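Here the structure comes first, spelled out in structure tokens, and everything after it is commentary.
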Amino acid sequence: MSDASLHASETGTGDAGFRDYFALLKPRVMSLVVFTALVGLLAAPGSVHPIVGFAAILFIAVGGGASGALNMWWDADIDRIMKRTQGRPIPMGKITEGEAYAFGIALAGFSVVMLGLATNLFAGALLAFTIFFYVVVYSMWLKRSTPQNIVIGGAAGAFPPMIGWAAVTGDVSLESILMFALIFMWTPPHFWALALFMKSDYHKADVPMLTVTHGRRATRTHILVYTVLLAPLAIGIGFTSIGGPFYLAVAVVLNALFLKGAWDIWRRDEAVAEADSYRIEKKVFRLSLIYLFAHFAAIWAQTMLNEAGLGGWG
Amino acid sequence: MSFREPHELHKRRFSRNLGLGLVLAGFVALVFGLTIAKVSDDDFSVPAEVGGAQ
């Protein structure tokens, strides 16, 4: 048996290219990880050498990518069933489950060790915990067992700004916990707005999503409740050391818009929503993306203003 | 001496190998940069036992 035929028998095609391995890292999720971690790093008191900062963001991104690869390894069976995920490298037969597992484990170990060496051990440990949380707590345990899966699992996506902050300070503080809480509380309304208009085949894959287990009326109520809880948290950040008048103004406007959107979603029923092809739900989902990006961009801008002596709380 | 036609396998895997090569080269450059950043930091000091052995 030649090398080529041996390899082909293991992978199905033996033609996995660089981009297939890159796709295993879930690049779109990684972009959120990079941006929020960067803001956490820049907003933290103190400073690091630019190369150390670059390395920190890179290794946090690689750690996030490793989580994505391990998630694809574990969920390969349901990814083959759901239309949305059938184009991923494992269902496509480009990469085997074993290869994805090895790739994910290797990158996870590499990113944790390198982040610990480049910055500090606490940041490395926090990244290790994030990967553990996403892969074991969310993917292996919660995702298929409870409709609250994305609520608790959302914590994994909320850690990056805390890791960025820890890369500079070596610890956790109120501000980094608030940045974590902002993403944690934002994830459920963001995801459930999507779940309302994406007629997904989660039920075929036996994944308990709130829209299926508790109905769409309950999902609308959940969106409103989480948005109401999110608003004071997001605005409250404005009164901490990473906030200021500029951030506060952005947060007040965005939360007013988000609350209005959640209220509109709650007031509607399925018949009305279907009649206009989920126009409001789609609008709120798009707004939720802008909401998170703008909050972190405002923290970044406020940090720069504070450093320049313009517009902080003094 | 003549150059042989690249094997079909190598042609297929060229993008993967090129990508991996570039990633490794980037990693080497990053570790070099990190080393320079760390040793030029004001807080950097040679560990006592290494200094004592000299």
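Residues are referred to by chain and number: the chain letter is A, B, ... according to the order shown in the structure tokens, the number counts from 1 in that chain, and ligands are numbered separately from 1 in the order shown.
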
Original post:
Please, which residues of chain B lie no more than 12 Å from chain A when the count uses only C-alpha atoms, and can they be set out as a ChimeraX atom specification?
Top reply: /B:7-23,26-27,29-43

**OP:** For Leu42 of chain A, work out the shell of residues within 9 Å, counting only C-alpha atoms and skipping chain neighbours fewer than 6 positions away, then give it as a ChimeraX atom specification.
**Re:** /A:53,164-165,168,300,303-304

Create the file for the chosen residues now, containing C-alpha atoms and written as a PDB file, in the first residue's frame.
ATOM      1  CA  GLY A  53       0.288  42.051  23.363  1.00  0.00           C
ATOM      2  CA  GLY A 164      -6.921  39.832  27.607  1.00  0.00           C
ATOM      3  CA  TRP A 165      -7.210  41.801  30.865  1.00  0.00           C
ATOM      4  CA  VAL A 168      -1.715  42.579  31.375  1.00  0.00           C
ATOM      5  CA  TRP A 300     -11.746  50.984  23.650  1.00  0.00           C
ATOM      6  CA  THR A 303      -9.855  54.044  27.265  1.00  0.00           C
ATOM      7  CA  MET A 304      -8.044  56.166  24.686  1.00  0.00           C
TER       8      MET A 304
END

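The gap separating atom CA of Phe110 of chain A from atom CA of Ala167 of chain A is 16.4 Å, in Å to one decimal.
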
**OP:** Using atom CA of Pro188 of chain A and atom CA of Ile150 of chain A as the two end points, give the distance in Å to one decimal.
**Re:**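 Atom-to-atom, atom CA of Pro188 of chain A and atom CA of Ile150 of chain A are spaced 6.5 Å apart.
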
Original post:
At what distance in Å, to one decimal, does atom CA of His190 of chain A lie from atom CA of Thr85 of chain A?
Top reply: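 About the pair atom CA of Thr85 of chain A and atom CA of His190 of chain A: they are 19.3 Å apart.
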
Original post:
DSSP on the backbone: what in segment 6-100 of chain A comes out alpha helix (DSSP H), as a PyMOL selection string?
Top reply: chain A and resi 6-11+18-24+27-43+50-74+76-79+97-100
